[in-house]
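Asker: data_7.txt is the file, holding compact mmCIF, C-alpha atoms:
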```txt
# COMPACT_ATOMS: atom_id res chain seq x y z
CA MET A 11 -82.23 39.74 -200.36
CA VAL A 12 -81.67 36.51 -202.28
CA GLU A 13 -83.41 35.70 -205.56
CA THR A 14 -85.40 32.50 -205.97
CA SER A 15 -85.55 32.58 -209.77
CA ARG A 16 -82.32 30.57 -210.02
CA ALA A 17 -81.05 27.32 -208.57
CA TYR A 18 -78.09 29.10 -206.97
CA GLY A 19 -80.31 31.50 -205.02
CA ARG A 20 -82.68 28.70 -203.99
CA GLY A 21 -79.71 26.71 -202.71
CA ILE A 22 -78.56 29.67 -200.63
CA CYS A 23 -82.08 29.95 -199.20
CA ARG A 24 -81.97 26.29 -198.17
CA GLY A 25 -78.74 26.99 -196.27
CA VAL A 26 -80.40 29.96 -194.56
CA ALA A 27 -83.43 27.82 -193.70
CA ARG A 28 -81.22 25.17 -192.11
CA PHE A 29 -79.46 27.76 -189.96
CA ALA A 30 -82.75 29.41 -188.95
CA GLU A 31 -84.17 26.03 -187.96
CA GLN A 32 -81.26 25.56 -185.55
CA ASN A 33 -81.48 29.16 -184.31
CA PRO A 34 -85.13 29.91 -183.46
CA ASP A 35 -84.27 33.47 -182.35
CA TRP A 36 -83.76 34.29 -186.04
CA LEU A 37 -86.78 35.72 -187.86
CA ILE A 38 -86.45 35.91 -191.63
CA LEU A 39 -87.91 38.80 -193.61
CA TYR A 40 -88.30 37.29 -197.06
CA GLN A 41 -90.06 38.07 -200.32
CA GLU A 42 -89.81 36.94 -203.95
CA ARG A 43 -87.20 38.92 -205.85
CA ASN A 44 -84.67 38.70 -208.68
CA LEU A 45 -81.06 39.82 -209.05
CA LYS A 46 -81.91 43.20 -210.59
CA GLU A 47 -84.42 44.49 -208.02
CA SER A 48 -83.58 47.57 -205.99
CA ILE A 49 -83.90 48.02 -202.22
CA PRO A 50 -87.36 46.70 -201.23
CA GLU A 51 -89.85 48.91 -199.40
CA SER A 52 -89.97 46.36 -196.58
CA LEU A 53 -86.30 47.02 -195.83
CA ARG A 54 -87.01 50.73 -195.53
CA LYS A 55 -90.08 50.18 -193.33
CA TYR A 56 -88.92 47.54 -190.85
CA LYS A 57 -85.88 47.72 -188.61
CA VAL A 58 -83.70 44.76 -189.52
CA ASP A 59 -80.59 43.56 -187.69
CA GLY A 60 -78.75 42.02 -190.63
CA ILE A 61 -78.87 41.54 -194.40
CA LEU A 62 -77.92 38.62 -196.67
CA MET A 63 -77.72 40.04 -200.19
CA ARG A 64 -77.33 38.84 -203.74
CA VAL A 65 -77.61 42.05 -205.74
CA ASP A 66 -76.63 42.31 -209.41
CA GLN A 67 -76.33 46.11 -209.51
CA PRO A 68 -73.17 47.50 -207.85
CA GLY A 69 -74.85 50.86 -207.11
CA VAL A 70 -77.70 49.19 -205.23
CA ALA A 71 -75.23 47.00 -203.30
CA ARG A 72 -73.28 50.08 -202.23
CA LYS A 73 -76.48 51.78 -201.02
CA ILE A 74 -77.39 48.73 -198.95
CA VAL A 75 -73.96 48.57 -197.30
CA SER A 76 -74.10 52.34 -196.64
CA LEU A 77 -77.17 51.79 -194.42
CA GLY A 78 -74.76 50.67 -191.70
CA ILE A 79 -76.63 47.38 -191.11
CA PRO A 80 -74.45 44.22 -190.81
CA THR A 81 -74.44 42.81 -194.36
CA VAL A 82 -73.03 39.69 -196.01
CA ASP A 83 -72.52 39.59 -199.79
CA LEU A 84 -73.41 36.36 -201.63
CA LEU A 85 -72.79 37.48 -205.21
CA GLY A 86 -69.43 39.25 -205.30
CA ALA A 87 -70.57 42.88 -205.43
CA ARG A 88 -67.06 43.95 -204.34
CA VAL A 89 -68.31 46.86 -202.28
CA GLU A 90 -65.90 48.83 -200.12
CA GLY A 91 -65.77 48.43 -196.35
CA ASP A 92 -66.04 45.45 -194.03
CA CYS A 93 -68.64 43.53 -196.02
CA PRO A 94 -67.70 39.82 -196.02
CA ALA A 95 -68.45 37.79 -199.15
CA PHE A 96 -69.33 34.09 -199.39
CA LEU A 97 -68.80 32.93 -202.96
CA PRO A 98 -68.20 29.73 -204.95
CA ASP A 99 -64.57 28.70 -205.44
CA ASP A 100 -64.23 29.53 -209.14
CA HIS A 101 -60.77 27.97 -209.47
CA ALA A 102 -61.99 24.73 -207.87
CA ILE A 103 -64.89 24.76 -210.34
CA ALA A 104 -62.45 25.22 -213.23
CA GLU A 105 -60.27 22.38 -211.93
CA MET A 106 -63.31 20.09 -211.65
CA ALA A 107 -64.34 21.01 -215.21
CA THR A 108 -60.82 20.26 -216.44
CA ASP A 109 -60.68 16.86 -214.75
CA HIS A 110 -64.09 15.85 -216.08
CA LEU A 111 -63.39 16.82 -219.68
CA VAL A 112 -59.84 15.45 -219.73
CA ASN A 113 -61.02 12.15 -218.23
CA ASN A 114 -63.65 11.96 -220.96
CA GLY A 115 -60.80 11.80 -223.45
CA PHE A 116 -60.94 15.18 -225.18
CA VAL A 117 -57.82 16.83 -226.60
CA HIS A 118 -59.43 20.08 -227.84
CA PHE A 119 -60.92 22.51 -225.32
CA ALA A 120 -62.73 25.86 -225.44
CA PHE A 121 -64.24 28.33 -222.98
CA CYS A 122 -67.32 30.46 -223.56
CA GLY A 123 -67.90 33.10 -220.90
CA LEU A 124 -69.23 36.56 -220.22
CA SER A 125 -66.25 38.90 -220.40
CA GLY A 126 -66.12 41.39 -217.55
CA ILE A 127 -68.25 39.31 -215.15
CA PRO A 128 -65.86 38.42 -212.28
CA PHE A 129 -66.88 34.79 -211.76
CA SER A 130 -66.69 34.13 -215.51
CA ASP A 131 -63.26 35.69 -215.83
CA GLU A 132 -61.98 33.70 -212.84
CA ARG A 133 -63.31 30.42 -214.25
CA GLN A 134 -61.69 31.18 -217.59
CA ARG A 135 -58.32 31.87 -215.96
CA GLY A 136 -58.55 28.70 -213.90
CA PHE A 137 -59.55 26.57 -216.90
CA VAL A 138 -56.62 27.87 -218.96
CA GLU A 139 -54.23 27.38 -216.04
CA TYR A 140 -55.27 23.80 -215.23
CA LEU A 141 -55.34 22.66 -218.85
CA ASP A 142 -51.89 24.15 -219.35
CA LYS A 143 -50.64 21.71 -216.69
CA PHE A 144 -51.89 18.89 -218.92
CA GLY A 145 -50.24 20.52 -221.92
CA PHE A 146 -53.48 21.58 -223.64
CA ARG A 147 -54.42 24.99 -225.02
CA VAL A 148 -57.84 26.64 -224.68
CA PHE A 149 -59.78 28.41 -227.44
CA ASN A 150 -61.52 31.34 -225.74
CA TYR A 151 -64.68 32.83 -227.22
CA PRO A 152 -63.89 36.46 -228.16
CA SER A 153 -66.89 38.14 -226.55
CA ARG A 154 -68.09 41.24 -228.42
CA ALA A 155 -68.91 43.25 -225.30
CA LYS A 156 -67.04 43.86 -222.06
CA HIS A 157 -69.69 43.60 -219.36
CA LEU A 158 -69.26 45.60 -216.18
CA GLY A 159 -70.60 43.37 -213.45
CA GLU A 160 -74.32 43.08 -214.24
CA ILE A 161 -74.90 39.37 -214.81
CA LEU A 162 -78.48 39.46 -216.10
CA ARG A 163 -77.73 42.17 -218.64
CA ALA A 164 -74.69 40.21 -219.84
CA GLU A 165 -76.77 37.04 -220.22
CA GLU A 166 -79.50 38.90 -222.10
CA ARG A 167 -76.93 40.26 -224.54
CA GLY A 168 -75.47 36.78 -224.82
CA PHE A 169 -78.58 35.58 -226.64
CA LEU A 170 -77.82 38.16 -229.34
CA GLU A 171 -74.40 36.54 -229.83
CA ILE A 172 -75.62 33.06 -230.75
CA GLU A 173 -74.77 33.47 -234.44
CA SER A 174 -71.30 34.73 -233.46
CA ILE A 175 -70.86 31.77 -231.10
CA ALA A 176 -71.93 29.45 -233.91
CA LYS A 177 -69.25 30.84 -236.26
CA TRP A 178 -66.65 30.47 -233.51
CA LEU A 179 -67.69 26.86 -232.83
CA ASN A 180 -67.65 26.05 -236.53
CA ALA A 181 -63.99 27.06 -236.76
CA LEU A 182 -62.83 24.95 -233.79
CA PRO A 183 -61.11 21.58 -234.25
CA LYS A 184 -63.48 18.68 -233.58
CA PRO A 185 -64.36 16.99 -231.36
CA VAL A 186 -64.10 19.85 -228.86
CA ALA A 187 -65.19 20.18 -225.22
CA VAL A 188 -66.65 23.60 -224.34
CA PHE A 189 -66.72 24.79 -220.74
CA ALA A 190 -69.35 27.54 -220.32
CA CYS A 191 -69.16 29.95 -217.39
CA ASN A 192 -72.67 29.02 -216.22
CA ASP A 193 -75.76 27.11 -217.33
CA VAL A 194 -77.31 30.10 -219.13
CA ARG A 195 -74.19 30.50 -221.27
CA ALA A 196 -74.12 26.74 -221.86
CA LEU A 197 -77.70 26.91 -223.15
CA GLN A 198 -76.59 29.59 -225.61
CA VAL A 199 -73.71 27.37 -226.77
CA LEU A 200 -76.10 24.46 -227.34
CA GLN A 201 -78.40 26.72 -229.35
CA ALA A 202 -75.41 27.74 -231.47
CA CYS A 203 -74.59 24.05 -232.03
CA HIS A 204 -78.14 23.50 -233.28
CA LEU A 205 -77.76 26.44 -235.65
CA ILE A 206 -74.75 24.89 -237.42
CA ARG A 207 -76.00 21.31 -237.05
CA CYS A 208 -73.14 20.25 -234.78
CA THR A 209 -73.80 16.95 -233.03
CA VAL A 210 -73.66 17.12 -229.23
CA PRO A 211 -71.64 15.60 -227.63
CA ASP A 212 -69.87 13.83 -230.52
CA ASP A 213 -68.68 17.03 -232.24
CA VAL A 214 -69.10 19.52 -229.39
CA ALA A 215 -69.44 18.53 -225.73
CA VAL A 216 -70.83 21.23 -223.41
CA LEU A 217 -70.38 21.66 -219.65
CA GLY A 218 -72.12 24.33 -217.55
CA VAL A 219 -72.11 25.47 -213.93
CA ASP A 220 -74.91 25.80 -211.31
CA ASN A 221 -76.85 22.60 -212.08
CA ASP A 222 -80.04 24.63 -212.47
CA GLU A 223 -82.62 21.89 -212.91
CA ILE A 224 -84.87 24.06 -215.07
CA ILE A 225 -82.11 25.10 -217.50
CA THR A 226 -80.52 21.65 -217.69
CA GLU A 227 -83.88 20.14 -218.66
CA LEU A 228 -84.59 22.89 -221.22
CA CYS A 229 -81.31 22.08 -222.97
CA HIS A 230 -81.26 19.58 -225.81
CA PRO A 231 -79.51 17.32 -225.15
CA ARG A 232 -79.73 17.68 -221.38
CA LEU A 233 -76.85 19.66 -219.92
CA THR A 234 -74.00 18.32 -217.82
CA SER A 235 -73.33 20.83 -215.07
CA ILE A 236 -71.14 21.42 -212.02
CA GLU A 237 -73.16 21.73 -208.83
CA PRO A 238 -71.93 24.41 -206.40
CA ASP A 239 -72.29 23.84 -202.65
CA THR A 240 -74.86 26.59 -202.15
CA LEU A 241 -76.28 25.07 -198.99
CA SER A 242 -72.89 25.36 -197.24
CA SER A 243 -72.38 28.90 -198.54
CA GLY A 244 -75.78 30.00 -197.22
CA TYR A 245 -75.22 28.35 -193.85
CA LYS A 246 -71.72 29.81 -193.39
CA ALA A 247 -72.98 33.25 -194.40
CA CYS A 248 -75.57 33.02 -191.61
CA LEU A 249 -72.89 32.08 -189.08
CA CYS A 250 -70.91 35.14 -190.13
CA LEU A 251 -73.92 37.45 -190.03
CA ASP A 252 -74.85 36.13 -186.60
CA ARG A 253 -71.42 37.16 -185.28
CA MET A 254 -71.70 40.58 -186.91
CA MET A 255 -75.12 41.21 -185.35
CA ASP A 256 -73.57 40.39 -181.97
CA ARG A 257 -71.01 43.11 -182.74
CA SER A 258 -68.21 40.60 -183.26
CA LYS A 259 -65.76 40.78 -186.13
CA PRO A 260 -66.80 38.70 -189.15
CA GLY A 261 -63.44 36.96 -189.44
CA SER A 262 -62.30 36.51 -193.01
CA LEU A 263 -63.81 38.95 -195.50
CA LEU A 264 -63.79 36.37 -198.30
CA ASP A 265 -64.88 32.73 -198.15
CA ARG A 266 -64.87 30.49 -201.20
CA THR A 267 -66.75 27.18 -201.11
CA ALA A 268 -65.69 24.21 -203.23
CA PRO A 269 -68.30 22.66 -205.57
CA VAL A 270 -70.15 19.42 -204.84
CA GLY A 271 -69.37 17.67 -208.12
CA VAL A 272 -70.18 17.17 -211.79
CA ILE A 273 -73.74 16.04 -212.56
CA GLU A 274 -73.25 14.28 -215.87
CA ARG A 275 -75.96 14.25 -218.50
CA GLU A 276 -76.05 13.76 -222.26
CA SER A 277 -74.17 16.94 -223.28
CA THR A 278 -70.80 15.43 -222.28
CA ASN A 279 -71.69 11.74 -222.09
CA ILE A 280 -70.50 10.38 -225.43
CA ILE A 281 -72.73 7.32 -225.13
CA ALA A 282 -75.96 8.30 -223.37
CA THR A 283 -78.21 5.40 -222.36
CA THR A 284 -81.06 4.72 -219.94
CA ASP A 285 -79.93 1.08 -219.59
CA LYS A 286 -78.44 1.03 -216.08
CA VAL A 287 -76.27 -2.05 -216.67
CA LEU A 288 -74.85 -0.65 -219.90
CA ALA A 289 -74.32 2.79 -218.32
CA ARG A 290 -72.41 1.17 -215.44
CA ALA A 291 -70.30 -0.89 -217.83
CA LEU A 292 -69.41 2.18 -219.91
CA ARG A 293 -68.50 4.16 -216.79
CA GLU A 294 -66.31 1.34 -215.46
CA ILE A 295 -64.56 1.09 -218.83
CA ARG A 296 -63.97 4.85 -218.88
CA ASP A 297 -62.63 4.80 -215.32
CA GLY A 298 -60.62 1.59 -215.45
CA ALA A 299 -59.62 0.81 -219.05
CA CYS A 300 -56.11 2.23 -218.53
CA ASP A 301 -55.68 0.45 -215.19
CA GLY A 302 -55.70 -3.10 -216.49
CA LEU A 303 -59.44 -3.63 -216.94
CA THR A 304 -60.22 -6.62 -219.16
CA VAL A 305 -63.49 -7.97 -220.54
CA LYS A 306 -63.39 -10.83 -218.02
CA LYS A 307 -62.80 -8.50 -215.06
CA LEU A 308 -65.68 -6.29 -216.19
CA LEU A 309 -68.07 -9.25 -216.55
CA ASP A 310 -67.08 -10.61 -213.13
CA HIS A 311 -67.64 -7.22 -211.52
CA LEU A 312 -71.05 -6.72 -213.14
CA HIS A 313 -72.14 -10.36 -212.59
CA ILE A 314 -73.42 -10.63 -216.14
CA SER A 315 -72.81 -13.04 -219.02
CA ARG A 316 -70.66 -11.96 -221.94
CA THR A 317 -73.40 -12.84 -224.44
CA HIS A 318 -75.91 -10.60 -222.67
CA LEU A 319 -73.58 -7.61 -222.32
CA GLU A 320 -72.17 -7.95 -225.86
CA ALA A 321 -75.72 -7.78 -227.20
CA LYS A 322 -76.32 -4.53 -225.30
CA PHE A 323 -73.05 -3.05 -226.60
CA LYS A 324 -73.66 -3.97 -230.23
CA LYS A 325 -77.24 -2.61 -230.14
CA THR A 326 -76.51 0.72 -228.41
CA VAL A 327 -72.80 1.44 -228.74
CA GLY A 328 -72.15 -0.24 -232.07
CA ARG A 329 -68.91 -1.80 -230.81
CA THR A 330 -67.86 -4.89 -228.88
CA ILE A 331 -66.82 -4.63 -225.23
CA HIS A 332 -63.18 -5.21 -226.20
CA ASP A 333 -63.33 -2.53 -228.90
CA GLU A 334 -64.74 -0.02 -226.39
CA ILE A 335 -61.91 -0.74 -223.94
CA THR A 336 -59.44 -0.27 -226.79
CA ARG A 337 -61.10 2.98 -227.86
CA VAL A 338 -60.82 4.46 -224.35
CA ARG A 339 -57.18 3.38 -224.02
CA LEU A 340 -56.24 4.87 -227.38
CA LYS A 341 -57.94 8.15 -226.52
CA ARG A 342 -55.71 8.29 -223.46
CA VAL A 343 -52.67 7.56 -225.63
CA CYS A 344 -53.66 10.46 -227.93
CA GLN A 345 -53.96 12.78 -224.93
CA LEU A 346 -50.52 11.82 -223.64
CA LEU A 347 -48.93 12.20 -227.07
CA HIS A 348 -50.70 15.50 -227.61
CA SER A 349 -49.86 17.08 -224.28
CA GLY A 350 -46.47 16.02 -222.99
CA GLU A 351 -42.98 14.74 -223.45
CA GLU A 352 -43.51 11.30 -221.89
CA THR A 353 -41.61 8.45 -223.46
CA LEU A 354 -43.53 5.72 -225.22
CA ALA A 355 -42.62 3.38 -222.35
CA THR A 356 -44.35 5.74 -219.90
CA ILE A 357 -47.36 6.08 -222.19
CA VAL A 358 -47.62 2.30 -222.45
CA ARG A 359 -47.73 2.05 -218.66
CA LYS A 360 -50.26 4.88 -218.25
CA SER A 361 -52.63 3.54 -220.90
CA GLY A 362 -52.73 -0.08 -219.77
CA TYR A 363 -50.74 -1.75 -222.57
CA LEU A 364 -48.07 -4.39 -222.11
CA ASP A 365 -45.35 -3.24 -224.50
CA ILE A 366 -44.40 -0.53 -227.00
CA SER A 367 -44.59 -2.83 -230.01
CA HIS A 368 -48.19 -3.86 -229.32
CA LEU A 369 -49.29 -0.27 -228.70
CA SER A 370 -47.52 1.05 -231.81
CA ARG A 371 -49.07 -1.53 -234.13
CA LEU A 372 -52.54 -0.97 -232.69
CA PHE A 373 -52.16 2.80 -232.90
CA ARG A 374 -51.10 2.68 -236.55
CA LYS A 375 -53.96 0.32 -237.37
CA ASN A 376 -56.50 2.74 -235.89
CA PHE A 377 -55.03 6.13 -236.86
CA GLY A 378 -52.90 5.37 -239.92
CA VAL A 379 -49.71 6.79 -238.40
CA TRP A 380 -47.13 5.69 -235.84
CA PRO A 381 -47.33 7.29 -232.36
CA GLY A 382 -44.18 9.39 -232.92
CA GLU A 383 -45.57 10.85 -236.13
CA TYR A 384 -48.88 11.64 -234.42
CA ARG A 385 -46.98 13.46 -231.66
CA LYS A 386 -45.12 15.64 -234.16
CA ARG A 387 -48.33 16.57 -235.97
CA ASN A 388 -50.44 17.36 -232.90
CA ARG A 389 -48.16 18.55 -230.12
CA VAL A 390 -49.04 22.08 -228.97
CA PRO A 391 -46.06 24.45 -229.19
CA PRO A 392 -45.22 25.88 -225.72
CA GLY A 393 -45.73 29.46 -226.94
CA ALA A 394 -49.29 28.72 -228.09
CA ARG A 395 -50.55 27.59 -224.67
```
If you took the structure in this file and wrote it as structure tokens, what would it be?
Answerer:
Amino acid sequence: MVETSRAYGRGICRGVARFAEQNPDWLILYQERNLKESIPESLRKYKVDGILMRVDQPGVARKIVSLGIPTVDLLGARVEGDCPAFLPDDHAIAEMATDHLVNNGFVHFAFCGLSGIPFSDERQRGFVEYLDKFGFRVFNYPSRAKHLGEILRAEERGFLEIESIAKWLNALPKPVAVFACNDVRALQVLQACHLIRCTVPDDVAVLGVDNDEIITELCHPRLTSIEPDTLSSGYKACLCLDRMMDRSKPGSLLDRTAPVGVIERESTNIIATTDKVLARALREIRDGACDGLTVKKLLDHLHISRTHLEAKFKKTVGRTIHDEITRVRLKRVCQLLHSGEETLATIVRKSGYLDISHLSRLFRKNFGVWPGEYRKRNRVPPGAR
């Protein structure tokens, strides 16, 4: 009982298919369904040995478990009894979101979720917790309704909140990186950005979860999303169900699978380009600017002439290669000043500069204030985190 209307469910089905291919004694009873459907007639008619379920309605989930058939939960229905659950690791997802957005140089962060939906609440807690370690605060969207576990109903109501989300976004400091609890919520955030004419990702960067290829393509600009390891979850759930059908104990009643990674698209990529050489250069600058990367090292690594690459930068980025390296380094300096108590000597080392004097002069030239003054103005008070 796994829906195919979403990328997550389809990924689970691929994991099931892989297991069934390796275990030809398994016969799969399968039909098209969505998260809200009740117990199918086929389940009542045929004698089945085990059930893999993703059911959005807690009452229906409880009825299924009460049938006494070995059942594995793939949604987090939280039913009573020995019903093992195979779910994404929401804290690992939050940590991955934090790393991606922090490494992109943001200093303002926000979370937009579906209050009362367990996976959303867990991702929010994890995001707040991990950003706190960096010294950053999170602006949480104050959802109007407290949802009680039904994901589809919560998402449907979410589309009625777009004006409210737009007002919330409008009041946030810019630029801001918004982590949405899933791709549907991220789509709603992007629609709110369009409503108030916020530029994405320059004013508001948006990151979703599930990497649903349909939703990510429907978004404008295309959505960056974290891809969960659904294939592993589906396969491990089959292993567990196989043991249960052989009357063995399932082992752990809760398994959480870490995500695959961030699939970056235009909604968080500050400079989006289809030029592969330029895209590689920008990524190498982002990843290595604070580790001693110079223009010469970059050119040697890419095997390209400076004249050729400078032309690409000026046409698309509007800056020279050197200026882009400087921009990335100074963003890192701002993060360190904003978030912690590191000395300027430590910040110099972590941002790739040679000495405090050089960094201070460059910082004042670009921001109009000395680093110490910037720290006083922008440091987050411990009680506000």
Asker: Quick one: distance from CA of Glu294 (chain A) to CA of Ile273 (chain A) in Å, one decimal?
Answerer: 16.7 Å
Asker: Looking at A:Lys259, A:Lys386, A:Arg43, A:Arg24, which one is nearest to Cys93 (chain A), with distances taken over all atoms listed in the file?
Answerer: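 Residue with the minimum atom-to-atom distance to Cys93 (chain A): A:Lys259.
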Asker: Quick one, how far is CA of Asp301 (chain A) from CA of Cys344 (chain A)?
Answerer: 16.3 Å
Asker: Just to confirm, what's the straight-line distance from CA of Arg359 (chain A) to CA of Ile295 (chain A) in Å (one decimal)?
Answerer: 16.9 Å
Asker: Rank nothing, just name the residue among A:Leu354, A:Ala120, A:Ala321, A:Leu62 nearest to Ile22 (chain A), using all atoms listed in the file.
Answerer: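 Residue with the minimum atom-to-atom distance to Ile22 (chain A): A:Leu62.
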Asker: Measuring atom to atom with all atoms listed in the file, identify which of A:Ala95, A:Val117, A:Ile224, A:Ala299 is nearest to Gly261 (chain A).
Answerer: A:Ala95
Asker: Go through A:Asp285, A:Asp310, A:Glu351, A:Glu383 and flag the residue nearest Phe323 (chain A), using all atoms listed in the file for the distances.
Answerer: A:Asp285
Asker: Looking at A:Gln134, A:Thr304, A:Ser125, A:Gln345, which one is nearest to Glu160 (chain A), with distances taken over only C-alpha atoms?
Answerer: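 Ranking A:Gln134, A:Thr304, A:Ser125, A:Gln345 by distance to Glu160 (chain A), first place goes to A:Ser125.
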Asker: Hey, could you pull the box centre and edge lengths for region 81-99 of chain A, axis-aligned, 8 Å padding per side, all listed atoms, to one decimal in Å, as lines of an AutoDock Vina configuration file?
Answerer:
```
center_x = -69.5
center_y = 38.8
center_z = -199.7
size_x = 25.9
size_y = 36.1
size_z = 27.4
```
Asker: Nearest residue to Pro98 (chain A) out of A:Tyr56, A:Phe377, A:Tyr18, A:Trp36, using all atoms listed in the file?
Answerer: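 Result for the nearest residue to Pro98 (chain A): A:Tyr18.
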Asker: Set the distance at 12 Å and use all atoms listed in the file: which residues neighbour Ile335 (chain A) once local chain neighbours fewer than 6 positions away are removed? I'd like the list as a PDB file with C-alpha atoms, in the frame of the given file.
Answerer:
```
ATOM      1  CA  ALA A 291     -70.300  -0.890-217.830  1.00  0.00           C
ATOM      2  CA  LEU A 292     -69.410   2.180-219.910  1.00  0.00           C
ATOM      3  CA  ARG A 293     -68.500   4.160-216.790  1.00  0.00           C
ATOM      4  CA  GLU A 294     -66.310   1.340-215.460  1.00  0.00           C
ATOM      5  CA  ILE A 295     -64.560   1.090-218.830  1.00  0.00           C
ATOM      6  CA  ARG A 296     -63.970   4.850-218.880  1.00  0.00           C
ATOM      7  CA  ASP A 297     -62.630   4.800-215.320  1.00  0.00           C
ATOM      8  CA  GLY A 298     -60.620   1.590-215.450  1.00  0.00           C
ATOM      9  CA  ALA A 299     -59.620   0.810-219.050  1.00  0.00           C
ATOM     10  CA  CYS A 300     -56.110   2.230-218.530  1.00  0.00           C
ATOM     11  CA  ASP A 301     -55.680   0.450-215.190  1.00  0.00           C
ATOM     12  CA  GLY A 302     -55.700  -3.100-216.490  1.00  0.00           C
ATOM     13  CA  LEU A 303     -59.440  -3.630-216.940  1.00  0.00           C
ATOM     14  CA  THR A 304     -60.220  -6.620-219.160  1.00  0.00           C
ATOM     15  CA  VAL A 305     -63.490  -7.970-220.540  1.00  0.00           C
ATOM     16  CA  LYS A 306     -63.390 -10.830-218.020  1.00  0.00           C
ATOM     17  CA  LYS A 307     -62.800  -8.500-215.060  1.00  0.00           C
ATOM     18  CA  LEU A 308     -65.680  -6.290-216.190  1.00  0.00           C
ATOM     19  CA  PHE A 323     -73.050  -3.050-226.600  1.00  0.00           C
ATOM     20  CA  ARG A 329     -68.910  -1.800-230.810  1.00  0.00           C
ATOM     21  CA  LYS A 341     -57.940   8.150-226.520  1.00  0.00           C
ATOM     22  CA  ARG A 342     -55.710   8.290-223.460  1.00  0.00           C
ATOM     23  CA  SER A 361     -52.630   3.540-220.900  1.00  0.00           C
ATOM     24  CA  GLY A 362     -52.730  -0.080-219.770  1.00  0.00           C
ATOM     25  CA  TYR A 363     -50.740  -1.750-222.570  1.00  0.00           C
TER      26      TYR A 363
END
```
Asker: List the spatial neighbours of Ser15 (chain A) as number ranges by chain - criterion: any atom at most 12 Å away, all atoms listed in the file, same-chain residues fewer than 5 positions off excluded.
Answerer: A: 20-23, 41-46, 64, 162, 222-225
Asker: Using only C-alpha atoms, determine which residues lie at most 10 Å from Leu319 (chain A), disregarding the query and same-chain residues fewer than 4 positions distant; provide the list as number ranges by chain.
Answerer: A: 287-288, 291, 309, 312, 314-315, 323-325, 330-331
Asker: Would you pick out the contacts of region 175-178 of chain A at 9 Å or less, using only C-alpha atoms, so that residues sharing its chain but fewer than 5 positions from it are not included, and give the list as an MDAnalysis selection string?
Answerer: chainID A and resid 122 151:153 198:199 201:206
Asker: I want to know what sits within 10 Å of region 240-256 of chain A, based on only C-alpha atoms, with residues of the same chain fewer than 5 positions away left out; could you give that as an NGL selection string?
Answerer: :A and (17-30 or 33 or 36 or 59-62 or 79-84 or 94-98 or 220 or 261-263 or 265-270)
Asker: Which polymer residues, protein or nucleic acid, are no farther than 9 Å from (-80.0, 18.4, -219.1), counting only C-alpha atoms, as a ChimeraX atom specification?
Answerer: /A:221,223-235,274-277
Asker: Restricting the output to C-alpha atoms, write the selected residues as a PDB file, in the coordinates of the input.
Answerer:
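What ended up in out_37.pdb:
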```pdb
ATOM      1  CA  ASN A 221     -76.850  22.600-212.080  1.00  0.00           C
ATOM      2  CA  GLU A 223     -82.620  21.890-212.910  1.00  0.00           C
ATOM      3  CA  ILE A 224     -84.870  24.060-215.070  1.00  0.00           C
ATOM      4  CA  ILE A 225     -82.110  25.100-217.500  1.00  0.00           C
ATOM      5  CA  THR A 226     -80.520  21.650-217.690  1.00  0.00           C
ATOM      6  CA  GLU A 227     -83.880  20.140-218.660  1.00  0.00           C
ATOM      7  CA  LEU A 228     -84.590  22.890-221.220  1.00  0.00           C
ATOM      8  CA  CYS A 229     -81.310  22.080-222.970  1.00  0.00           C
ATOM      9  CA  HIS A 230     -81.260  19.580-225.810  1.00  0.00           C
ATOM     10  CA  PRO A 231     -79.510  17.320-225.150  1.00  0.00           C
ATOM     11  CA  ARG A 232     -79.730  17.680-221.380  1.00  0.00           C
ATOM     12  CA  LEU A 233     -76.850  19.660-219.920  1.00  0.00           C
ATOM     13  CA  THR A 234     -74.000  18.320-217.820  1.00  0.00           C
ATOM     14  CA  SER A 235     -73.330  20.830-215.070  1.00  0.00           C
ATOM     15  CA  GLU A 274     -73.250  14.280-215.870  1.00  0.00           C
ATOM     16  CA  ARG A 275     -75.960  14.250-218.500  1.00  0.00           C
ATOM     17  CA  GLU A 276     -76.050  13.760-222.260  1.00  0.00           C
ATOM     18  CA  SER A 277     -74.170  16.940-223.280  1.00  0.00           C
TER      19      SER A 277
END
```
